[in-house]
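J.: Would you mind keeping the following structure in view while I ask a few things?
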Amino acid sequence: MAETPTVQHVLERLHATVMSRKGASPSLSHSARLMARGRDKIAQKFGEEAVECVIEAVKGNREAFISESADVLYHLVVMWVDAGLNPSDIWAELARREGTSGIEEKASRPQETF
Ligand SMILES: N=c1c2ncn([C@@H]3O[C@H](COP(=O)(O)OP(=O)(O)OP(=O)(O)O)[C@@H](O)[C@H]3O)c2ncn1[C@@H]1O[C@H](COP(=O)(O)O)[C@@H](O)[C@H]1O
């Protein structure tokens, strides 16, 4: 039986594909087109997709939420490539946080004075 791909492998493959599109023709690759338009545009698209994702989550539209989630992840991966980040950078940060409750982490932050 074929193994279900892990989210890690799917995102790493997507990252490799987007990396391979750097400098490709914007008329042939959406990733190349986005990267050619620059970081501000990539960030703007990510923000738009994130808002659309939130809207579908709140509305409880399961299929649309799944689709928008995929859009968010794709645009996040394009931002990683543009910034020179590797998925392993993010896996390492998530692994570092593993086992630390968010409540505990927030309580350990230096007290704000204002
Ligand atoms: N996962 C995706 C993916 N998700 C969404 N999109 C595209 O993102 C675009 C979003 O369209 P919008 O109209 O919102 O955005 P826009 O065209 O920038 O328009 P403006 O808002 O700027 O006017 C659509 O063309 C979608 O097809 C994606 N394009 C590519 N991928 C993956 O990236 C790989 C490489 O794709 P290319 O770079 O196109 O070869 C593909 O094999 C896929 O695995």
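FYI, nothing fancy with the structure tokens labels: chains A, B, ... in order, residues from 1 per chain, ligands from 1 as they appear.
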Just want the 10 Å neighbourhood of stretch 33-43 of chain A, counted on only C-alpha atoms, with same-chain residues fewer than 5 positions away dropped. Output as a VMD selection string.
T.: chain A and resid 18 21 to 28 48 to 49 75 to 76 78 to 79 81 to 83
J.: Any residue with an atom at most 6 Å from ligand 1 counts, using only C-alpha atoms and all ligand atoms. Which are they? Put them as a PyMOL selection string.
T.: chain A and resi 14+17-18+21+29-32+71+74
J.: Take the residues from that selection and write them out as a tab-separated table (two decimals), in the first residue's frame, keeping C-alpha atoms.
T.:
```
chain	number	residue	atom	x	y	z
A	14	LEU	CA	6.80	22.18	-3.20
A	17	THR	CA	9.65	23.04	-7.26
A	18	VAL	CA	9.35	26.74	-6.44
A	21	ARG	CA	11.20	28.24	-10.91
A	29	SER	CA	5.30	29.69	-14.14
A	30	HIS	CA	3.08	31.41	-11.61
A	31	SER	CA	5.84	31.14	-8.99
A	32	ALA	CA	8.33	32.82	-11.35
A	71	ASP	CA	-3.25	28.57	-1.19
A	74	TYR	CA	1.80	27.64	-1.37
```
J.: Which neighbours of A:Leu73 fall inside 12 Å, counting only C-alpha atoms, when residues of the same chain fewer than 2 positions from it are skipped, and could you give them as a JSON list (two decimals) with C-alpha atoms, in the first residue's frame?
T.:
```json
[["chain", "number", "residue", "atom", "x", "y", "z"],
["A", 7, "VAL", "CA", 3.14, 17.35, 5.31],
["A", 8, "GLN", "CA", 6.91, 17.73, 5.65],
["A", 10, "VAL", "CA", 4.82, 17.69, 0.51],
["A", 11, "LEU", "CA", 6.13, 21.10, 1.59],
["A", 12, "GLU", "CA", 9.74, 20.13, 0.87],
["A", 14, "LEU", "CA", 6.80, 22.18, -3.20],
["A", 15, "HIS", "CA", 9.77, 24.22, -1.95],
["A", 45, "LYS", "CA", -0.66, 37.82, -1.98],
["A", 46, "PHE", "CA", 0.10, 35.80, 1.16],
["A", 47, "GLY", "CA", -1.89, 38.29, 3.25],
["A", 49, "GLU", "CA", -4.84, 34.32, 0.87],
["A", 50, "ALA", "CA", -4.61, 34.28, 4.67],
["A", 53, "CYS", "CA", -8.63, 31.34, 4.53],
["A", 66, "ILE", "CA", -9.16, 23.26, 2.61],
["A", 67, "SER", "CA", -8.58, 24.98, -0.73],
["A", 68, "GLU", "CA", -7.67, 28.33, 0.88],
["A", 69, "SER", "CA", -5.36, 26.54, 3.34],
["A", 70, "ALA", "CA", -3.48, 25.08, 0.37],
["A", 71, "ASP", "CA", -3.25, 28.57, -1.19],
["A", 75, "HIS", "CA", 2.24, 31.41, -0.92],
["A", 76, "LEU", "CA", 4.14, 30.84, 2.35],
["A", 77, "VAL", "CA", 6.54, 28.54, 0.49],
["A", 78, "VAL", "CA", 7.05, 31.22, -2.19],
["A", 79, "MET", "CA", 7.91, 33.68, 0.63],
["A", 80, "TRP", "CA", 10.40, 31.18, 2.07],
["A", 87, "PRO", "CA", 11.89, 24.25, 5.17]]
```
J.: For atom CA of A:Leu85 and atom CA of A:Met19, quote the distance in Å rounded to one decimal.
T.: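 Taking atom CA of A:Leu85 as the start and atom CA of A:Met19 as the end point, the length is 10.6 Å.
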J.: Closest to A:Ala16 among A:Thr4, A:Asn86, A:Ser108, A:Gln44, using only C-alpha atoms?
T.: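 Between A:Thr4, A:Asn86, A:Ser108, A:Gln44, the residue approaching A:Ala16 most closely is A:Asn86.
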J.: Between atom CA of A:Thr6 and atom CA of A:Ser88, what is the distance in Å, rounded to a tenth?
T.: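 Those two atoms sit 14.2 Å apart.
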J.: For the alpha helix (DSSP H) assignment from backbone DSSP, which residues of chain A qualify? Please present them as number ranges by chain.
T.: A: 7-20, 30-37, 39-59, 62-83, 87-97, 102-107
J.: Could those residues be written to a file, using C-alpha atoms, as a PDB file, in the first residue's frame?
T.:
```
ATOM      1  CA  VAL A   7       3.143  17.353   5.309  1.00  0.00           C
ATOM      2  CA  GLN A   8       6.911  17.731   5.647  1.00  0.00           C
ATOM      3  CA  HIS A   9       7.574  15.881   2.386  1.00  0.00           C
ATOM      4  CA  VAL A  10       4.816  17.685   0.514  1.00  0.00           C
ATOM      5  CA  LEU A  11       6.127  21.104   1.587  1.00  0.00           C
ATOM      6  CA  GLU A  12       9.736  20.125   0.865  1.00  0.00           C
ATOM      7  CA  ARG A  13       8.761  18.987  -2.653  1.00  0.00           C
ATOM      8  CA  LEU A  14       6.798  22.177  -3.204  1.00  0.00           C
ATOM      9  CA  HIS A  15       9.773  24.220  -1.947  1.00  0.00           C
ATOM     10  CA  ALA A  16      12.093  22.394  -4.393  1.00  0.00           C
ATOM     11  CA  THR A  17       9.648  23.037  -7.258  1.00  0.00           C
ATOM     12  CA  VAL A  18       9.346  26.742  -6.439  1.00  0.00           C
ATOM     13  CA  MET A  19      13.174  26.983  -6.095  1.00  0.00           C
ATOM     14  CA  SER A  20      13.477  25.480  -9.577  1.00  0.00           C
ATOM     15  CA  HIS A  30       3.077  31.410 -11.608  1.00  0.00           C
ATOM     16  CA  SER A  31       5.842  31.144  -8.987  1.00  0.00           C
ATOM     17  CA  ALA A  32       8.329  32.818 -11.351  1.00  0.00           C
ATOM     18  CA  ARG A  33       5.763  35.538 -12.063  1.00  0.00           C
ATOM     19  CA  LEU A  34       5.194  36.181  -8.365  1.00  0.00           C
ATOM     20  CA  MET A  35       8.920  36.254  -7.552  1.00  0.00           C
ATOM     21  CA  ALA A  36       9.588  38.601 -10.477  1.00  0.00           C
ATOM     22  CA  ARG A  37       7.029  41.012  -8.997  1.00  0.00           C
ATOM     23  CA  ARG A  39       8.780  40.647  -2.071  1.00  0.00           C
ATOM     24  CA  ASP A  40       6.055  43.219  -1.398  1.00  0.00           C
ATOM     25  CA  LYS A  41       3.762  41.579  -3.955  1.00  0.00           C
ATOM     26  CA  ILE A  42       4.477  38.072  -2.621  1.00  0.00           C
ATOM     27  CA  ALA A  43       3.718  39.268   0.911  1.00  0.00           C
ATOM     28  CA  GLN A  44       0.556  41.011  -0.258  1.00  0.00           C
ATOM     29  CA  LYS A  45      -0.664  37.823  -1.978  1.00  0.00           C
ATOM     30  CA  PHE A  46       0.102  35.798   1.164  1.00  0.00           C
ATOM     31  CA  GLY A  47      -1.890  38.287   3.246  1.00  0.00           C
ATOM     32  CA  GLU A  48      -4.854  38.119   0.860  1.00  0.00           C
ATOM     33  CA  GLU A  49      -4.837  34.322   0.870  1.00  0.00           C
ATOM     34  CA  ALA A  50      -4.609  34.284   4.672  1.00  0.00           C
ATOM     35  CA  VAL A  51      -7.649  36.554   4.952  1.00  0.00           C
ATOM     36  CA  GLU A  52      -9.606  34.383   2.480  1.00  0.00           C
ATOM     37  CA  CYS A  53      -8.627  31.336   4.526  1.00  0.00           C
ATOM     38  CA  VAL A  54      -9.851  32.949   7.745  1.00  0.00           C
ATOM     39  CA  ILE A  55     -13.163  33.899   6.098  1.00  0.00           C
ATOM     40  CA  GLU A  56     -13.816  30.306   4.991  1.00  0.00           C
ATOM     41  CA  ALA A  57     -12.831  28.971   8.421  1.00  0.00           C
ATOM     42  CA  VAL A  58     -15.269  31.316  10.140  1.00  0.00           C
ATOM     43  CA  LYS A  59     -18.029  30.511   7.647  1.00  0.00           C
ATOM     44  CA  ARG A  62     -14.966  22.848   4.802  1.00  0.00           C
ATOM     45  CA  GLU A  63     -14.015  22.448   1.107  1.00  0.00           C
ATOM     46  CA  ALA A  64     -13.255  26.149   0.607  1.00  0.00           C
ATOM     47  CA  PHE A  65     -11.262  26.184   3.864  1.00  0.00           C
ATOM     48  CA  ILE A  66      -9.157  23.258   2.612  1.00  0.00           C
ATOM     49  CA  SER A  67      -8.576  24.978  -0.732  1.00  0.00           C
ATOM     50  CA  GLU A  68      -7.671  28.326   0.880  1.00  0.00           C
ATOM     51  CA  SER A  69      -5.361  26.542   3.335  1.00  0.00           C
ATOM     52  CA  ALA A  70      -3.475  25.076   0.367  1.00  0.00           C
ATOM     53  CA  ASP A  71      -3.250  28.567  -1.186  1.00  0.00           C
ATOM     54  CA  VAL A  72      -1.831  29.936   2.087  1.00  0.00           C
ATOM     55  CA  LEU A  73       0.791  27.179   2.271  1.00  0.00           C
ATOM     56  CA  TYR A  74       1.797  27.645  -1.371  1.00  0.00           C
ATOM     57  CA  HIS A  75       2.241  31.406  -0.923  1.00  0.00           C
ATOM     58  CA  LEU A  76       4.138  30.844   2.349  1.00  0.00           C
ATOM     59  CA  VAL A  77       6.535  28.541   0.494  1.00  0.00           C
ATOM     60  CA  VAL A  78       7.053  31.223  -2.193  1.00  0.00           C
ATOM     61  CA  MET A  79       7.909  33.679   0.631  1.00  0.00           C
ATOM     62  CA  TRP A  80      10.402  31.181   2.074  1.00  0.00           C
ATOM     63  CA  VAL A  81      12.098  30.796  -1.316  1.00  0.00           C
ATOM     64  CA  ASP A  82      12.189  34.568  -1.851  1.00  0.00           C
ATOM     65  CA  ALA A  83      13.722  35.068   1.610  1.00  0.00           C
ATOM     66  CA  PRO A  87      11.895  24.252   5.169  1.00  0.00           C
ATOM     67  CA  SER A  88      14.437  22.705   7.556  1.00  0.00           C
ATOM     68  CA  ASP A  89      14.808  26.168   9.192  1.00  0.00           C
ATOM     69  CA  ILE A  90      11.132  26.072  10.109  1.00  0.00           C
ATOM     70  CA  TRP A  91      11.177  22.382  11.144  1.00  0.00           C
ATOM     71  CA  ALA A  92      14.082  23.184  13.481  1.00  0.00           C
ATOM     72  CA  GLU A  93      12.168  26.067  15.083  1.00  0.00           C
ATOM     73  CA  LEU A  94       9.060  23.916  15.532  1.00  0.00           C
ATOM     74  CA  ALA A  95      11.181  21.131  17.020  1.00  0.00           C
ATOM     75  CA  ARG A  96      12.807  23.631  19.402  1.00  0.00           C
ATOM     76  CA  ARG A  97       9.341  24.662  20.639  1.00  0.00           C
ATOM     77  CA  GLY A 102       2.384  28.373  24.895  1.00  0.00           C
ATOM     78  CA  ILE A 103       1.148  29.475  28.310  1.00  0.00           C
ATOM     79  CA  GLU A 104       4.516  28.627  29.879  1.00  0.00           C
ATOM     80  CA  GLU A 105       6.457  30.367  27.070  1.00  0.00           C
ATOM     81  CA  LYS A 106       4.398  33.555  27.354  1.00  0.00           C
ATOM     82  CA  ALA A 107       4.808  33.655  31.150  1.00  0.00           C
TER      83      ALA A 107
END
```
